[in-house]
Structure formats: structure tokens, C-alpha cells
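Everything on this sheet refers to the single structure shown next.
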Amino acid sequence: MKLQKSVHYNVSSARPDTQSQVASTVPSQAWWHQDNAKLALSVERLCQLTQKFREPLHIVQATTGGPLIPAIGGTVSTTANGTPYKLIGTLPGIYPEWLGDRSFCETHGTRFSYVAGAMANGIGSADIVIAMAHAGMIGFFGCAGIGLKRTEENIDKIQRALQGTNLPYGSNLIHTPDNTQLEEEIVDLYLRKGVHRISASAFMRLSPAIVRYAVSGLSQDAQGNIQRQNYIFAKISRPEVAEHFMRPAPQNILDVLVSQGKITVDEARLAIQLPLAEDITVESDSGGHTDNRPLGSLFPVIAALRNRIIAEYNYDRPIRLGAAGGIGTPQAAASAYSLGASYILTGSVNQSAIESGLSVIGKQMLAKADVADVAMAPAADMFELGVKVQVLKKGTMWAVRGQKLYEIYQSYKSWEEVPAAERESVEKNILKDSFENIWTSTR
């Protein structure tokens, strides 16, 4: 952030024609009067001042010269009455509510443009979602991997806690190309329960289920403006996937949904006039499913694509781009906002929160991890496709054992073809049980 100079130009529609005209509007010197304010003459006091980020920070200097001194409070004037300090510059107050895109907060009813991601297996817990809502942000429940019944129980818990508040929340819809029925059942649940925001993750192409969720409830107000009932936060890391969500819903999918009676003709008609999703989360190198791409390279590419598609369809509403992946510090958050993110989404860092559904042991392991203590490993949910996820390496054998299992899967057509010695090693060192028992529990 740049220092605002203590000299200020009067803003007018007319540009001054002469140097004298400019000079007449600029005070030769501004002064800071201490009043009851305290100067930051010690490291301790400076640290205290940095906590008051909503107040302007003045940089002053004694009239006799000397070091530049930070100060908060006091008064600024163009007169040197009393014993003032020279005003060198002013840092304006910073409001976290101003970060990101205000349309994000207006659309979703939040105070901050900040999202807690849907960490799978309930690690992105109902308690995190509830806490985020009360703090003026959005949290997504991580339902992937826990089944329909537990998902419904947690949605009920969230809705009870937020009843009567109108605070926003959401839940996850993870793409399951080998089990489209599960996607349909989850969407059925969300539509029945009135869950109006979902985090769509791991999608490589659009499914009828996610299109149905997006267009269900579309309507027009008295002025003809299209009103959404359901919002998709599409988590993407590739332009070709982002494009699916930025464009209107495909006509062929809409036609099938209408013929099946799952959406109305009016909903299909309105759907082709707006993007499928208005919130696109650009996910860079991150925990879990990731393409390991740096945010500084990926975000501008997706932003250029977004601008091109908005112009192509002449949308009258914005497509907001969020940033995710590696945002675990204030500096990383500031960097993401500086790139132009409308909002930021954090994931892995939230696992250590009190409300997280991660075990105590898991939280302790994460607390000891450093930036290099991760590795790519075969994903449990997309194992057959060869998809990998980023996992904790320090203190675990996940990456090594997962890779071994995948090599065996690739090398042999069936478990019976695996050499006996290798089968015994896998059962003893990795599965910790017989293959038959593990397969039965997995099925």
C-alpha cells in the first residue's frame, strides 16, 4: 500500500491550466497535533498500532528533524499552532470488508469475501459451517465420502443452528463419474432441504445432476431480471473445465431434464441466458485434488477466459473469480486479493481449527508439518482413473503405500495374478488384513 502524501489536490472536473493554479490548491505543509495520541516510540507500541488497522496511520517527524515516527489518532491541520509534528504521510485505514468484490457479499449476504472449503469426510464439519456463518462468511460442509444419511444429518444440524438467521452456508457436490446415481441423490437431498449453495469439485464435465441443481428455481422479477435460487461455487484448475461453468447450461442436457420433468420449460428458457455458475474458484497448488499449478500463472489465464466469455454472451451480471490453494497466511491472502480475486477460499489450513472434524492426532501432525512435507499419491475416490491428490508425507506412509497399490493394480488383471509373496506383503504391511476382508468392507 502506498503512503498518501500530506499534500492533497482539490478534485474538480476542470484541469488547472497553469502551475500557479495547481499550487494555490496545495498547502505548503501539513501538521499533526498529538492531542492525547501516543507516538510509536518503541517496538511494543508499534506492534500495538498495527492491530488498529481500521484507523489511519500517520507518519510524522519532529519539527527539529529526527526519525520518522508512526502514530495513530491526534489531529491533522494546515496550521502549526502549539508544538506540532510535521505530517510526512498517511496510510488510510484498511477494512477487511473492502477486500475482494463487494458483489460477492451483496449476493451471498456475507460481511467478508471469505470461504471455508468443503474438506471431505466431514473434516469441513457442520461446526465449521455454523461458525463461519456467524462470523459473516461462508462455510461448505464436506460431505464427500460420508454417505447420504450422514450428509442429511449434518445438513439438519446446520439448519437448526442457523434457523431464523438467514445466514448463508453450503455443502459439497463432488463429481462421481462412476456413480451418477449418487450425484442425483445428493442433488435431490439439497433441493428437498433448501440448500442454496454448493461447492462443485472434481468435475471434468457437466452432469445432468449439477445442471438440474443450478437451474432449479430460476425465475424473473417484475422488471424482468433473472433471479437465482441456487448458486454453484465451481472449483476448477483448468480453463477447459472453467469454460463449462462460465457458459450457459448445455441445451441438450436442459432438453433431457425438461422431458424427464425435473425442470420446467421456463427454467430451461431462463438458463440459456446466464452462466451456469457465477462464482468460479480458481484452485492452484493445494491439498487434496490438485494440478499443482501456481496461482500467479493460473489466475490470469482464467480471468482472461472469463472476460472473453462475458463479452461473447453479453452477460448483464458478473462472473466472480475466487482464489484457492496455498492460502494459509495473511500474506498469501493479500497476494490472492492483489491478483484480483473476488473472494478467497481456504481448505487445508482449516483442518487445525477447533471446529474441524479432523482427529486430534491428525491436527498434531499438521501442526508439525512444513511446506515440503507433502507428496502426491493415488486418490482413493478416483483410484482407477490414476488421479492423484496431495497428502501429508511427514509421519505417514500414505504416498508410498498408495503408489505401491496402484502399481500392482496396473500390472495385474486380478488379485489372483499377483505373486503370492507380493500378496502376503500387501496384506501384512499395507492392508493389515486379508484381501478378502478388505474387499468385502470396501464393497
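Residues are referred to by chain and number: the chain letter is A, B, ... according to the order shown in the C-alpha cells, the number counts from 1 in that chain, and ligands are numbered separately from 1 in the order shown.
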
DSSP helix (DSSP H, G or I) selection over range 191-304 of chain A, as a ChimeraX atom specification: /A:191-193,208-215,239-246,251-259,265-271,295-304

Neighbour list for range 32-40 of chain A as an MDAnalysis selection string, cut-off 10 Å, only C-alpha atoms, skip fewer than 4 positions in-chain: chainID A and resid 44:49 58:62 69:88

Resulting file, chosen residues, C-alpha atoms, as an mmCIF file, in the first residue's frame:
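Okay, this is what ended up in again.cif:
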```
data_model
loop_
_atom_site.group_PDB
_atom_site.id
_atom_site.type_symbol
_atom_site.label_atom_id
_atom_site.label_comp_id
_atom_site.auth_asym_id
_atom_site.auth_seq_id
_atom_site.Cartn_x
_atom_site.Cartn_y
_atom_site.Cartn_z
ATOM 1 C CA GLU A 44 5.954 -2.786 21.608
ATOM 2 C CA ARG A 45 3.947 0.331 20.828
ATOM 3 C CA LEU A 46 4.412 -0.160 17.083
ATOM 4 C CA CYS A 47 3.051 -3.707 17.380
ATOM 5 C CA GLN A 48 0.027 -2.313 19.214
ATOM 6 C CA LEU A 49 -0.605 0.219 16.460
ATOM 7 C CA HIS A 58 0.238 8.850 10.263
ATOM 8 C CA ILE A 59 3.970 9.097 9.628
ATOM 9 C CA VAL A 60 5.259 12.178 11.438
ATOM 10 C CA GLN A 61 8.548 13.900 12.242
ATOM 11 C CA ALA A 62 9.535 16.335 14.921
ATOM 12 C CA ILE A 69 7.582 8.110 13.703
ATOM 13 C CA PRO A 70 4.285 6.197 13.237
ATOM 14 C CA ALA A 71 1.249 7.483 15.120
ATOM 15 C CA ILE A 72 -2.489 6.835 15.308
ATOM 16 C CA GLY A 73 -5.036 9.433 16.409
ATOM 17 C CA GLY A 74 -4.343 13.115 17.001
ATOM 18 C CA THR A 75 -5.479 15.736 14.517
ATOM 19 C CA VAL A 76 -4.169 16.971 11.172
ATOM 20 C CA SER A 77 -4.269 20.620 10.126
ATOM 21 C CA THR A 78 -2.577 23.178 7.878
ATOM 22 C CA THR A 79 -1.557 25.366 10.833
ATOM 23 C CA ALA A 80 1.437 24.916 13.104
ATOM 24 C CA ASN A 81 -0.161 26.127 16.340
ATOM 25 C CA GLY A 82 1.288 24.697 19.544
ATOM 26 C CA THR A 83 4.012 22.079 19.243
ATOM 27 C CA PRO A 84 3.039 20.018 16.208
ATOM 28 C CA TYR A 85 4.871 17.385 14.222
ATOM 29 C CA LYS A 86 5.396 17.539 10.504
ATOM 30 C CA LEU A 87 2.995 15.225 8.697
ATOM 31 C CA ILE A 88 5.044 13.220 6.209
#
```

Gap from CA of Phe233 in chain A to CA of Gly194 in chain A - Å, one decimal: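 CA of Phe233 in chain A sits 16.2 Å away from CA of Gly194 in chain A.
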
Do you know which residues are at most 8 Å from Tyr231 in chain A counting only C-alpha atoms, after dropping those on the same chain fewer than 5 positions away, and could you put them as a compact mmCIF listing (two decimals) with N, CA, C and O atoms, in the first residue's frame?
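Okay, this is what ended up in out_10.txt:
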```txt
# COMPACT_ATOMS: atom_id res chain seq x y z
N HIS A 196 -29.00 -23.85 -0.71
CA HIS A 196 -28.95 -22.96 -1.87
C HIS A 196 -27.54 -22.66 -2.38
O HIS A 196 -27.38 -21.86 -3.30
N ARG A 197 -26.53 -23.29 -1.79
CA ARG A 197 -25.16 -23.10 -2.28
C ARG A 197 -24.42 -24.43 -2.23
O ARG A 197 -24.46 -25.12 -1.21
N ILE A 198 -23.75 -24.77 -3.31
CA ILE A 198 -22.92 -25.97 -3.30
C ILE A 198 -21.53 -25.64 -3.82
O ILE A 198 -21.36 -24.74 -4.63
N ALA A 214 -28.47 -26.19 -10.62
CA ALA A 214 -28.22 -24.78 -10.95
C ALA A 214 -29.46 -24.08 -11.47
O ALA A 214 -29.71 -22.91 -11.14
N ALA A 277 -22.58 -21.04 -13.50
CA ALA A 277 -22.07 -20.63 -12.19
C ALA A 277 -21.55 -19.21 -12.27
O ALA A 277 -20.92 -18.83 -13.26
N GLU A 278 -21.80 -18.44 -11.23
CA GLU A 278 -21.31 -17.06 -11.18
C GLU A 278 -20.14 -16.91 -10.23
O GLU A 278 -19.56 -15.82 -10.12
N ASP A 279 -19.78 -17.98 -9.54
CA ASP A 279 -18.63 -17.97 -8.63
C ASP A 279 -17.70 -19.12 -9.02
O ASP A 279 -18.05 -20.29 -8.82
```

Nearest candidate to Val215 in chain A (options A:Leu274, A:Ala333, A:Ala120, A:Ala367; using only C-alpha atoms): A:Leu274

Which of A:Leu298, A:Met376, A:Val195, A:Ile174 sits closest to Asn154 in chain A [using only C-alpha atoms]: A:Val195

Contact residues around Pro250 in chain A with only C-alpha atoms at 9 Å, ignoring same-chain residues under 4 positions, as a ChimeraX atom specification: /A:206,211,244,254-255,272

Nearest to Arg423 in chain A, chosen from A:Ile128, A:Met365, A:Ala161, A:Ile408, with only C-alpha atoms counted in the distances: A:Ile408

Selection: 7 Å around Ser201 in chain A, only C-alpha atoms, excl. self and same-chain fewer than 2 positions, as a VMD selection string: chain A and resid 173 to 175 199 203 234 to 235

Expected file contents, prior selection, N, CA, C and O atoms, as a PDB file, in the first residue's frame:
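Everything below was put into selection-v2.pdb:
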```pdb
ATOM      1  N   LEU A 173     -20.701 -30.926  -3.534  1.00  0.00           N
ATOM      2  CA  LEU A 173     -21.125 -31.911  -4.532  1.00  0.00           C
ATOM      3  C   LEU A 173     -19.883 -32.305  -5.300  1.00  0.00           C
ATOM      4  O   LEU A 173     -19.366 -31.528  -6.102  1.00  0.00           O
ATOM      5  N   ILE A 174     -19.387 -33.495  -5.034  1.00  0.00           N
ATOM      6  CA  ILE A 174     -18.184 -33.959  -5.711  1.00  0.00           C
ATOM      7  C   ILE A 174     -18.582 -34.837  -6.893  1.00  0.00           C
ATOM      8  O   ILE A 174     -19.535 -35.611  -6.819  1.00  0.00           O
ATOM      9  N   HIS A 175     -17.890 -34.662  -7.990  1.00  0.00           N
ATOM     10  CA  HIS A 175     -18.198 -35.399  -9.213  1.00  0.00           C
ATOM     11  C   HIS A 175     -17.875 -36.875  -9.026  1.00  0.00           C
ATOM     12  O   HIS A 175     -16.769 -37.236  -8.587  1.00  0.00           O
ATOM     13  N   SER A 199     -20.563 -26.377  -3.312  1.00  0.00           N
ATOM     14  CA  SER A 199     -19.205 -26.320  -3.831  1.00  0.00           C
ATOM     15  C   SER A 199     -19.031 -27.522  -4.747  1.00  0.00           C
ATOM     16  O   SER A 199     -19.061 -28.666  -4.292  1.00  0.00           O
ATOM     17  N   PHE A 203     -15.095 -31.892 -10.918  1.00  0.00           N
ATOM     18  CA  PHE A 203     -15.832 -32.053 -12.172  1.00  0.00           C
ATOM     19  C   PHE A 203     -14.886 -31.884 -13.352  1.00  0.00           C
ATOM     20  O   PHE A 203     -14.102 -30.943 -13.397  1.00  0.00           O
ATOM     21  N   ALA A 234     -17.952 -23.254  -8.378  1.00  0.00           N
ATOM     22  CA  ALA A 234     -17.267 -24.278  -9.159  1.00  0.00           C
ATOM     23  C   ALA A 234     -15.764 -24.210  -8.911  1.00  0.00           C
ATOM     24  O   ALA A 234     -15.119 -23.224  -9.245  1.00  0.00           O
ATOM     25  N   LYS A 235     -15.226 -25.249  -8.329  1.00  0.00           N
ATOM     26  CA  LYS A 235     -13.788 -25.293  -8.042  1.00  0.00           C
ATOM     27  C   LYS A 235     -13.076 -25.924  -9.232  1.00  0.00           C
ATOM     28  O   LYS A 235     -13.302 -27.097  -9.546  1.00  0.00           O
TER      29      LYS A 235
END
```

Closest of A:Arg238, A:Arg160, A:Arg150, A:Arg443 to Gly122 in chain A - atom-to-atom distances counting only C-alpha atoms: A:Arg150
